[in-house]
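Coordinates from my_file-v8.cif are shown below (mmCIF, C-alpha atoms).
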```
data_data
loop_
_atom_site.label_atom_id
_atom_site.label_comp_id
_atom_site.auth_asym_id
_atom_site.auth_seq_id
_atom_site.Cartn_x
_atom_site.Cartn_y
_atom_site.Cartn_z
CA MET M 1 130.73 82.64 116.86
CA VAL M 2 129.13 83.00 120.29
CA ALA M 3 126.95 80.13 121.49
CA HIS M 4 124.09 80.62 123.94
CA GLY M 5 121.52 78.05 124.95
CA THR M 6 118.78 80.64 125.31
CA ILE M 7 118.66 84.34 124.56
CA ALA M 8 115.70 86.65 124.91
CA PHE M 9 115.21 89.47 122.44
CA ASP M 10 112.40 91.33 120.73
CA THR M 11 113.76 92.25 117.33
CA LEU M 12 115.92 90.44 114.83
CA THR M 13 117.80 92.59 112.34
CA THR M 14 119.55 91.24 109.28
CA SER M 15 121.97 93.18 107.13
CA ASP M 16 120.70 92.35 103.64
CA GLN M 17 123.59 94.16 102.06
CA ALA M 18 124.17 91.72 99.24
CA ASN M 19 120.76 92.35 97.73
CA THR M 20 119.58 95.77 98.73
CA GLY M 21 122.06 97.38 101.07
CA THR M 22 119.17 97.94 103.41
CA GLU M 23 118.85 96.46 106.87
CA LYS M 24 115.62 94.62 107.51
CA SER M 25 114.15 93.91 110.91
CA ILE M 26 111.49 91.57 112.11
CA ASP M 27 109.75 91.55 115.46
CA THR M 28 110.40 88.19 117.05
CA SER M 29 106.67 87.67 117.59
CA TYR M 30 106.52 87.02 113.84
CA LEU M 31 108.87 84.09 114.27
CA PHE M 32 106.28 82.41 116.44
CA ASN M 33 103.01 83.68 114.98
CA GLY M 34 104.22 83.38 111.40
CA SER M 35 105.51 79.85 111.64
CA ALA M 36 103.35 76.93 110.62
CA LYS M 37 102.36 74.93 113.69
CA GLY M 38 101.92 71.78 111.68
CA TRP M 39 102.27 70.27 108.24
CA LEU M 40 101.85 66.76 106.92
CA ASN M 41 102.04 64.70 103.77
CA GLY M 42 99.60 61.81 104.16
CA ALA M 43 98.85 58.57 102.31
CA SER M 44 95.49 57.08 101.32
CA ASP M 45 95.33 54.93 104.49
CA ALA M 46 95.92 57.95 106.80
CA SER M 47 99.53 56.98 107.44
CA ILE M 48 101.89 59.95 107.49
CA ASN M 49 104.80 60.16 105.03
CA GLY M 50 106.30 63.30 106.51
CA SER M 51 105.10 65.77 109.11
CA PHE M 52 105.73 68.36 111.78
CA GLY M 53 103.39 68.95 114.70
CA PHE M 54 101.26 65.86 114.03
CA SER M 55 101.47 62.67 116.06
CA SER M 56 99.21 60.25 114.16
CA GLY M 57 96.58 59.77 111.49
CA VAL M 58 93.37 57.75 111.65
CA ASP M 59 91.49 56.22 108.70
CA ASN M 60 87.83 56.68 109.62
CA GLY M 61 86.47 55.36 106.33
CA THR M 62 86.58 56.09 102.63
CA GLY M 63 88.07 59.55 102.15
CA ASP M 64 87.56 60.30 105.86
CA TYR M 65 90.75 61.06 107.75
CA SER M 66 91.62 62.58 111.11
CA TYR M 67 95.04 63.73 112.21
CA ASN M 68 96.08 64.37 115.79
CA LEU M 69 98.21 67.37 116.66
CA THR M 70 101.17 66.91 118.97
CA ASN M 71 100.50 70.23 120.71
CA ALA M 72 96.96 71.57 121.00
CA MET M 73 96.02 74.82 119.33
CA GLY M 74 94.74 77.68 121.45
CA SER M 75 91.35 77.46 119.76
CA ASP M 76 89.69 75.91 116.72
CA ASN M 77 89.47 79.36 115.11
CA ASN M 78 92.88 79.02 113.51
CA SER M 79 93.69 78.27 109.89
CA VAL M 80 93.95 74.79 108.44
CA VAL M 81 94.33 74.03 104.73
CA ASN M 82 94.41 70.76 102.83
CA MET M 83 95.43 70.25 99.22
CA ASN M 84 95.00 66.98 97.41
CA PRO M 85 97.21 66.40 94.40
CA ARG M 86 95.34 65.90 91.23
CA SER M 87 96.01 62.18 91.24
CA ALA M 88 92.56 62.01 89.74
CA GLN M 89 90.55 64.80 88.23
CA ASP M 90 88.11 66.98 90.11
CA ARG M 91 88.82 66.00 93.69
CA ALA M 92 88.45 68.25 96.69
CA GLY M 93 89.56 67.66 100.25
CA PRO M 94 88.40 70.31 102.69
CA ALA M 95 90.03 70.35 106.12
CA THR M 96 88.51 71.52 109.40
CA PHE M 97 89.36 71.44 113.07
CA ASN M 98 87.44 68.71 114.90
CA SER M 99 88.91 70.02 118.13
CA VAL M 100 91.93 72.02 119.20
CA SER M 101 93.94 68.81 118.95
CA GLN M 102 92.55 67.19 115.82
CA VAL M 103 92.15 68.04 112.12
CA LEU M 104 89.60 66.36 109.86
CA VAL M 105 89.99 65.88 106.11
CA HIS M 106 87.21 64.64 103.86
CA VAL M 107 88.02 63.90 100.22
CA TYR M 108 85.30 63.89 97.57
CA ASP M 109 85.18 63.38 93.83
CA ILE M 110 83.21 65.47 91.35
CA SER M 111 80.07 63.42 92.10
CA SER M 112 80.37 64.30 95.81
CA GLN M 113 81.27 60.71 96.57
CA ALA M 114 83.85 60.07 99.26
CA VAL M 115 87.08 58.74 97.81
CA ASN M 116 90.45 57.70 99.19
CA ASP M 117 93.34 59.88 98.04
CA GLY M 118 97.05 59.32 98.49
CA GLY M 119 98.01 62.95 98.49
CA VAL M 120 96.78 64.68 101.62
CA ASN M 121 98.75 67.88 102.29
CA VAL M 122 97.71 69.74 105.42
CA THR M 123 99.17 72.93 106.86
CA VAL M 124 98.12 74.55 110.14
CA GLN M 125 98.70 78.19 111.06
CA GLY M 126 97.70 80.02 114.21
CA GLU M 127 98.32 80.11 117.92
CA LEU M 128 99.25 77.15 120.06
CA ALA M 129 97.59 76.72 123.46
CA MET B 130 118.73 92.74 125.17
CA SER B 131 116.15 93.98 122.69
CA THR B 132 117.77 93.77 119.26
CA LEU B 133 120.16 91.30 117.75
CA LEU B 134 121.98 92.22 114.55
CA LEU B 135 123.07 89.15 112.65
CA ASN B 136 122.85 87.31 109.35
CA THR B 137 122.52 83.70 110.42
CA LEU B 138 120.74 81.86 113.19
CA THR B 139 122.13 78.43 114.06
CA GLY B 140 121.01 76.08 116.81
CA LYS B 141 123.54 75.43 119.57
CA THR B 142 122.63 71.84 120.47
CA SER B 143 121.47 70.95 116.97
CA ALA B 144 122.42 73.30 114.17
CA GLY B 145 119.14 72.81 112.32
CA SER B 146 116.82 73.19 115.30
CA ILE B 147 115.93 76.36 117.19
CA VAL B 148 113.05 76.49 119.66
CA VAL B 149 111.01 79.67 119.95
CA THR B 150 108.67 80.49 122.81
CA GLY B 151 105.19 81.84 122.23
CA GLU B 152 103.33 84.78 123.72
CA GLY B 153 102.06 82.70 126.60
CA GLY B 154 105.63 82.24 127.75
CA SER B 155 105.54 78.47 127.93
CA THR B 156 104.48 76.78 124.70
CA THR B 157 107.28 76.34 122.21
CA THR B 158 107.61 75.35 118.59
CA ASN B 159 110.45 74.57 116.24
CA MET B 160 111.37 77.57 114.15
CA GLN B 161 112.97 75.76 111.23
CA GLN B 162 110.10 73.30 110.87
CA GLY B 163 107.52 76.04 110.89
CA LEU B 164 109.09 78.23 108.24
CA ALA B 165 107.87 78.15 104.66
CA LYS B 166 110.71 76.79 102.53
CA MET B 167 109.32 78.13 99.26
CA TRP B 168 106.53 80.41 98.11
CA VAL B 169 105.62 81.88 94.78
CA ASN B 170 102.93 84.07 93.22
CA TYR B 171 102.84 83.56 89.46
CA THR B 172 100.80 83.93 86.31
CA GLY B 173 100.27 81.10 83.87
CA ILE B 174 98.80 83.31 81.16
CA SER B 175 100.90 83.76 78.02
CA THR B 176 104.41 83.56 79.48
CA THR B 177 104.46 81.76 82.82
CA ALA B 178 106.28 84.09 85.19
CA ALA B 179 106.67 84.74 88.89
CA ARG B 180 105.43 88.05 90.27
CA ASP B 181 107.35 87.43 93.46
CA SER B 182 108.88 84.40 95.09
CA PHE B 183 111.20 82.95 97.69
CA ASN B 184 113.63 80.06 97.06
CA VAL B 185 112.44 79.59 93.48
CA SER B 186 114.98 79.41 90.68
CA SER B 187 112.62 79.02 87.72
CA LEU B 188 109.13 78.19 86.47
CA THR B 189 108.56 75.86 83.54
CA ASP B 190 105.42 75.89 81.42
CA ASN B 191 105.10 72.19 80.60
CA SER B 192 101.74 72.43 78.85
CA THR B 193 98.36 74.04 79.36
CA GLY B 194 97.67 74.14 83.09
CA ARG B 195 100.88 72.33 83.98
CA THR B 196 103.72 74.18 85.70
CA THR B 197 106.92 72.96 87.30
CA ILE B 198 108.40 75.08 90.07
CA THR B 199 112.13 74.52 90.42
CA ILE B 200 113.30 74.98 94.00
CA ASN B 201 116.58 76.82 94.46
CA ASN B 202 117.82 75.16 97.66
CA ASP B 203 116.49 71.62 97.49
CA MET B 204 114.27 69.89 100.00
CA GLY B 205 115.69 66.98 101.98
CA ASN B 206 113.02 64.55 100.75
CA ALA B 207 109.84 64.47 98.69
CA ASN B 208 107.49 64.00 101.65
CA TYR B 209 106.87 67.67 102.24
CA SER B 210 103.54 69.44 102.42
CA GLY B 211 102.12 72.70 101.16
CA TYR B 212 99.29 74.62 99.60
CA TYR B 213 98.35 75.68 96.09
CA TYR B 214 95.55 78.06 95.14
CA THR B 215 94.51 78.84 91.60
CA ASN B 216 91.54 80.66 90.15
CA ALA B 217 91.67 78.30 87.13
CA ASN B 218 90.65 81.24 84.99
CA THR B 219 92.31 83.71 82.70
CA GLY B 220 90.54 86.55 84.51
CA THR B 221 92.78 88.84 86.48
CA GLY B 222 90.62 89.20 89.58
CA TYR B 223 90.65 86.94 92.58
CA THR B 224 86.90 86.61 92.16
CA ASP B 225 87.24 85.44 88.55
CA LEU B 226 86.74 81.80 89.36
CA ASN B 227 85.67 78.78 87.45
CA ASN B 228 82.84 77.19 89.39
CA ASP B 229 84.20 73.77 88.57
CA TYR B 230 87.85 74.60 88.96
CA THR B 231 90.39 72.44 90.66
CA GLY B 232 94.08 72.69 91.17
CA GLY B 233 96.63 70.82 93.13
CA PHE B 234 100.09 69.41 93.33
CA GLY B 235 100.86 67.02 90.53
CA SER B 236 104.29 65.97 91.69
CA PHE B 237 106.75 66.26 94.55
CA ALA B 238 110.51 66.01 94.16
CA THR B 239 113.38 67.35 96.22
CA GLY B 240 114.24 69.96 93.60
CA SER B 241 110.80 70.81 92.26
CA CYS B 242 107.07 70.46 92.57
CA GLY B 243 104.42 70.38 89.88
CA ASN B 244 101.17 72.31 89.86
CA ASN B 245 98.16 71.22 87.82
CA THR B 246 95.16 73.40 87.05
CA GLN B 247 91.92 72.25 85.51
CA SER B 248 88.43 73.47 84.89
CA GLY B 249 85.43 71.44 83.85
CA SER B 250 86.49 71.75 80.24
CA GLY B 251 90.01 70.46 80.77
CA ASP B 252 93.44 71.77 81.66
CA VAL B 253 93.56 75.54 81.78
CA ASP B 254 96.19 78.23 82.24
CA SER B 255 95.28 80.61 85.03
CA TYR B 256 96.15 84.10 86.13
CA GLN B 257 96.24 83.59 89.90
CA ASN B 258 98.57 80.94 91.27
CA LEU B 259 99.69 81.02 94.90
CA CYS B 260 101.85 78.20 96.22
CA GLY B 261 104.00 77.46 99.25
CA ILE B 262 105.65 74.41 100.79
CA PHE B 263 106.72 73.30 104.26
CA GLY B 264 109.16 70.52 105.07
CA ASP B 265 112.81 69.69 105.56
CA LEU B 266 115.52 71.45 103.61
CA ALA B 267 118.39 69.28 102.44
#
```

Could you express the structure from this file as C-alpha cells?
Amino acid sequence: MVAHGTIAFDTLTTSDQANTGTEKSIDTSYLFNGSAKGWLNGASDASINGSFGFSSGVDNGTGDYSYNLTNAMGSDNNSVVNMNPRSAQDRAGPATFNSVSQVLVHVYDISSQAVNDGGVNVTVQGELA
Amino acid sequence: MSTLLLNTLTGKTSAGSIVVTGEGGSTTTNMQQGLAKMWVNYTGISTTAARDSFNVSSLTDNSTGRTTITINNDMGNANYSGYYYTNANTGTGYTDLNNDYTGGFGSFATGSCGNNTQSGSGDVDSYQNLCGIFGDLA
C-alpha cells in the first residue's frame, strides 16, 4: 500500500474482474459532480438526527422548516428533494432552495393544512460555490 | 498522472474520509459522505423484483404497497436520508400516475428500509419504484 496525502488524477479505473472481467473507468469529475452535497434526516422540531453538509435546522412554524447548508451551493438552480415517511397518510413535503445556503421544507396534509412531521429526508445534488 | 488503476480507495489520515476538489479548484466535499449507499429500481406488480440495484440483497413484499428493502452492507445507524419515488399505479409508464398518490419511507433500520405506497383508495402496488439512500455505512 502506498499512502499519499493528495494525488491529482483525471480518471479512476477499477478492475471489476470478479463480476465481469471488464475494466471500468470513471472520470474523476463524476466523483465530485455525482456526489450528494448534502443529506439530512430531520425531526418534527427541525432538529437534525443525522446529516452531511447541513449545519442547523430552524422550526419556523407548523410544518415549516429551514435547513442551513454548511457550504453554499453555486446557485439555487440545483436539485433538492425531500421525502416524508408515511407516518400519516397523504402527506407531502416539497423542498426548495430559499437561497444558495438554505433549503426550505413545507409539509402539508391531504387538506393542504400545514402539519409537523418527524420524518424529513432531504438530499441535495449539484455544484458547490 | 492521469489514470490510476486500483480496486480500493482508502483515506490516509482517516480511512473512511477522502476529500475531493471541485471544478473551481478550491471547494471540497467528502467523497464517502456524498456517495449513494444503496439504490434500487423495482416493480411491485405481481412478484416484487428489482430491475437493477446497488447494495441490495433482497426485496420483501410484505403486503399490498408495502416493501422492505434489505441492505447488503448495513448502514452504521438508522438516521440516514434518501429519496423514494413511486407512480402508485399499476401502469407501466412514468406518466401513469395516480393524482392522489403518495409514497414514502415507512421505516429505517441499519439493515433495511421500508417503502409504503398509497393512492386515494388505499395501499397499492406500483410499477415504478425508485429509491436511494445516503448516510454512514457501518

#### Entry: Distance query 8 Å from (83.9, 56.9, 102.9) using only C-alpha atoms, result as number ranges by chain
M: 60-64, 113-116

For the contact check between chain M and chain B, emit one row per residue of chain M within 9 Å, containing the shortest atom pair and the distance in Å rounded to one decimal, counting all atoms listed in the file, chain then rising number order, as CSV.
```
residue,atom,partner,partner_atom,distance
M:Ala3,CA,B:Lys141,CA,6.1
M:His4,CA,B:Lys141,CA,6.8
M:Gly5,CA,B:Lys141,CA,6.3
M:Ile7,CA,B:Met130,CA,8.4
M:Ala8,CA,B:Met130,CA,6.8
M:Phe9,CA,B:Ser131,CA,4.6
M:Asp10,CA,B:Ser131,CA,5.0
M:Thr11,CA,B:Thr132,CA,4.7
M:Leu12,CA,B:Leu133,CA,5.2
M:Thr13,CA,B:Leu134,CA,4.7
M:Thr14,CA,B:Asn136,CA,5.1
M:Ser15,CA,B:Asn136,CA,6.3
M:Asp16,CA,B:Asn136,CA,7.9
M:Ser25,CA,B:Leu134,CA,8.8
M:Ser29,CA,B:Glu152,CA,7.6
M:Leu31,CA,B:Met160,CA,7.0
M:Phe32,CA,B:Gly151,CA,5.9
M:Asn33,CA,B:Gly151,CA,7.8
M:Gly34,CA,B:Leu164,CA,7.8
M:Ser35,CA,B:Gly163,CA,4.4
M:Ala36,CA,B:Gly163,CA,4.3
M:Lys37,CA,B:Gly163,CA,6.0
M:Gly38,CA,B:Gly163,CA,7.1
M:Trp39,CA,B:Ser210,CA,6.0
M:Leu40,CA,B:Ser210,CA,5.5
M:Asn41,CA,B:Ser210,CA,5.2
M:Gly42,CA,B:Asn208,CA,8.6
M:Asn49,CA,B:Asn208,CA,5.8
M:Gly50,CA,B:Asn208,CA,5.1
M:Ser51,CA,B:Tyr209,CA,7.3
M:Phe52,CA,B:Gln162,CA,6.7
M:Gly53,CA,B:Thr158,CA,8.6
M:Asn71,CA,B:Thr156,CA,8.6
M:Val81,CA,B:Tyr212,CA,7.2
M:Asn82,CA,B:Tyr212,CA,7.0
M:Met83,CA,B:Tyr212,CA,5.8
M:Asn84,CA,B:Gly233,CA,6.0
M:Pro85,CA,B:Phe234,CA,4.3
M:Arg86,CA,B:Gly233,CA,5.4
M:Ser87,CA,B:Gly235,CA,6.9
M:Gln89,CA,B:Thr231,CA,8.0
M:Asp90,CA,B:Thr231,CA,5.9
M:Arg91,CA,B:Thr231,CA,7.3
M:Ala92,CA,B:Thr231,CA,7.6
M:Ile110,CA,B:Asp229,CA,8.8
M:Gly119,CA,B:Phe234,CA,8.5
M:Val120,CA,B:Ser210,CA,8.3
M:Asn121,CA,B:Ser210,CA,5.0
M:Val122,CA,B:Ser210,CA,6.6
M:Thr123,CA,B:Gly211,CA,6.4
M:Glu127,CA,B:Gly151,CA,8.3
M:Leu128,CA,B:Thr156,CA,7.0
M:Ala129,CA,B:Thr156,CA,7.0
```

### Task
Compare M:Ser56, M:Gly93, M:Ile48, M:Asp117 by their minimum atom-to-atom distance to Val105 in chain M, counting only C-alpha atoms, and give me the closest one.
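Comparing M:Ser56, M:Gly93, M:Ile48, M:Asp117 against Val105 in chain M, the winner is M:Gly93.
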
### Task
Could you expand the PyMOL selection byres ((chain B and resi 171) around 6) into the explicit residues it covers here, written as a list in words?
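In the shown coordinates, the PyMOL selection byres ((chain B and resi 171) around 6) covers Asn170, Thr172, Ala178, Ala179, Arg180 and Asn258 of chain B.
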
### Task
Evaluate the PyMOL selection byres ((chain M and resi 73) around 10) and record the selected residues as a VMD selection string, following the chain and residue labels used in the document.
chain M and resid 37 69 to 72 74 to 78 97 99 to 102 124 to 129

#### Entry: Output check: residues returned by the PyMOL selection byres ((chain B and resi 187) around 12), as a ChimeraX atom specification
/B:169,171,177-186,188-190,196-202,240-242

Any chance you could model N, CA and C atoms for range 130-163 of chain B and send them as a JSON list (two decimals), in the coordinates of the input?
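This is the output file result_37.json:
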```json
[["chain", "number", "residue", "atom", "x", "y", "z"],
["B", 130, "MET", "N", 118.36, 92.79, 126.58],
["B", 130, "MET", "CA", 118.73, 92.74, 125.17],
["B", 130, "MET", "C", 117.46, 92.84, 124.34],
["B", 131, "SER", "N", 117.37, 93.82, 123.47],
["B", 131, "SER", "CA", 116.15, 93.98, 122.69],
["B", 131, "SER", "C", 116.35, 93.74, 121.20],
["B", 132, "THR", "N", 117.54, 93.94, 120.69],
["B", 132, "THR", "CA", 117.77, 93.77, 119.26],
["B", 132, "THR", "C", 119.07, 93.02, 119.02],
["B", 133, "LEU", "N", 118.97, 92.02, 118.17],
["B", 133, "LEU", "CA", 120.16, 91.30, 117.75],
["B", 133, "LEU", "C", 120.40, 91.61, 116.28],
["B", 134, "LEU", "N", 121.62, 91.95, 115.94],
["B", 134, "LEU", "CA", 121.98, 92.22, 114.55],
["B", 134, "LEU", "C", 122.86, 91.08, 114.06],
["B", 135, "LEU", "N", 122.33, 90.30, 113.12],
["B", 135, "LEU", "CA", 123.07, 89.15, 112.65],
["B", 135, "LEU", "C", 122.54, 88.71, 111.31],
["B", 136, "ASN", "N", 123.26, 87.82, 110.66],
["B", 136, "ASN", "CA", 122.85, 87.31, 109.35],
["B", 136, "ASN", "C", 122.42, 85.86, 109.38],
["B", 137, "THR", "N", 122.83, 85.13, 110.38],
["B", 137, "THR", "CA", 122.52, 83.70, 110.42],
["B", 137, "THR", "C", 122.16, 83.28, 111.84],
["B", 138, "LEU", "N", 121.11, 82.48, 111.93],
["B", 138, "LEU", "CA", 120.74, 81.86, 113.19],
["B", 138, "LEU", "C", 121.05, 80.38, 113.09],
["B", 139, "THR", "N", 121.78, 79.85, 114.04],
["B", 139, "THR", "CA", 122.13, 78.43, 114.06],
["B", 139, "THR", "C", 121.89, 77.87, 115.45],
["B", 140, "GLY", "N", 121.25, 76.69, 115.52],
["B", 140, "GLY", "CA", 121.01, 76.08, 116.81],
["B", 140, "GLY", "C", 122.31, 75.69, 117.50],
["B", 141, "LYS", "N", 122.33, 75.78, 118.82],
["B", 141, "LYS", "CA", 123.54, 75.43, 119.57],
["B", 141, "LYS", "C", 123.67, 73.92, 119.73],
["B", 142, "THR", "N", 122.60, 73.29, 120.26],
["B", 142, "THR", "CA", 122.63, 71.84, 120.47],
["B", 142, "THR", "C", 122.55, 71.10, 119.15],
["B", 143, "SER", "N", 121.62, 71.52, 118.30],
["B", 143, "SER", "CA", 121.47, 70.95, 116.97],
["B", 143, "SER", "C", 121.40, 72.11, 115.98],
["B", 144, "ALA", "N", 122.30, 72.14, 115.04],
["B", 144, "ALA", "CA", 122.42, 73.30, 114.17],
["B", 144, "ALA", "C", 121.11, 73.63, 113.45],
["B", 145, "GLY", "N", 120.35, 72.60, 113.10],
["B", 145, "GLY", "CA", 119.14, 72.81, 112.32],
["B", 145, "GLY", "C", 117.88, 72.90, 113.14],
["B", 146, "SER", "N", 118.01, 73.17, 114.45],
["B", 146, "SER", "CA", 116.82, 73.19, 115.30],
["B", 146, "SER", "C", 116.92, 74.30, 116.33],
["B", 147, "ILE", "N", 116.02, 75.27, 116.22],
["B", 147, "ILE", "CA", 115.93, 76.36, 117.19],
["B", 147, "ILE", "C", 114.51, 76.41, 117.72],
["B", 148, "VAL", "N", 114.36, 76.44, 119.02],
["B", 148, "VAL", "CA", 113.05, 76.49, 119.66],
["B", 148, "VAL", "C", 112.70, 77.94, 119.96],
["B", 149, "VAL", "N", 111.48, 78.33, 119.61],
["B", 149, "VAL", "CA", 111.01, 79.67, 119.95],
["B", 149, "VAL", "C", 109.82, 79.54, 120.88],
["B", 150, "THR", "N", 109.72, 80.49, 121.80],
["B", 150, "THR", "CA", 108.67, 80.49, 122.81],
["B", 150, "THR", "C", 107.57, 81.46, 122.42],
["B", 151, "GLY", "N", 106.34, 81.03, 122.62],
["B", 151, "GLY", "CA", 105.19, 81.84, 122.23],
["B", 151, "GLY", "C", 104.82, 82.90, 123.23],
["B", 152, "GLU", "N", 103.75, 83.65, 122.90],
["B", 152, "GLU", "CA", 103.33, 84.78, 123.72],
["B", 152, "GLU", "C", 102.95, 84.37, 125.12],
["B", 153, "GLY", "N", 102.46, 83.15, 125.27],
["B", 153, "GLY", "CA", 102.06, 82.70, 126.60],
["B", 153, "GLY", "C", 103.24, 82.45, 127.51],
["B", 154, "GLY", "N", 104.43, 82.38, 126.93],
["B", 154, "GLY", "CA", 105.63, 82.24, 127.75],
["B", 154, "GLY", "C", 106.00, 80.82, 128.08],
["B", 155, "SER", "N", 105.22, 79.85, 127.60],
["B", 155, "SER", "CA", 105.54, 78.47, 127.93],
["B", 155, "SER", "C", 105.55, 77.54, 126.72],
["B", 156, "THR", "N", 104.55, 77.66, 125.86],
["B", 156, "THR", "CA", 104.48, 76.78, 124.70],
["B", 156, "THR", "C", 105.58, 77.14, 123.70],
["B", 157, "THR", "N", 106.20, 76.11, 123.16],
["B", 157, "THR", "CA", 107.28, 76.34, 122.21],
["B", 157, "THR", "C", 107.00, 75.62, 120.90],
["B", 158, "THR", "N", 107.68, 76.04, 119.87],
["B", 158, "THR", "CA", 107.61, 75.35, 118.59],
["B", 158, "THR", "C", 108.97, 75.44, 117.93],
["B", 159, "ASN", "N", 109.17, 74.61, 116.94],
["B", 159, "ASN", "CA", 110.45, 74.57, 116.24],
["B", 159, "ASN", "C", 110.45, 75.57, 115.11],
["B", 160, "MET", "N", 111.37, 76.50, 115.13],
["B", 160, "MET", "CA", 111.37, 77.57, 114.15],
["B", 160, "MET", "C", 111.64, 77.06, 112.74],
["B", 161, "GLN", "N", 112.64, 76.22, 112.58],
["B", 161, "GLN", "CA", 112.97, 75.76, 111.23],
["B", 161, "GLN", "C", 111.82, 74.97, 110.60],
["B", 162, "GLN", "N", 111.18, 74.12, 111.41],
["B", 162, "GLN", "CA", 110.10, 73.30, 110.87],
["B", 162, "GLN", "C", 108.88, 74.12, 110.49],
["B", 163, "GLY", "N", 108.70, 75.24, 111.15],
["B", 163, "GLY", "CA", 107.52, 76.04, 110.89],
["B", 163, "GLY", "C", 107.67, 77.04, 109.77]]
```
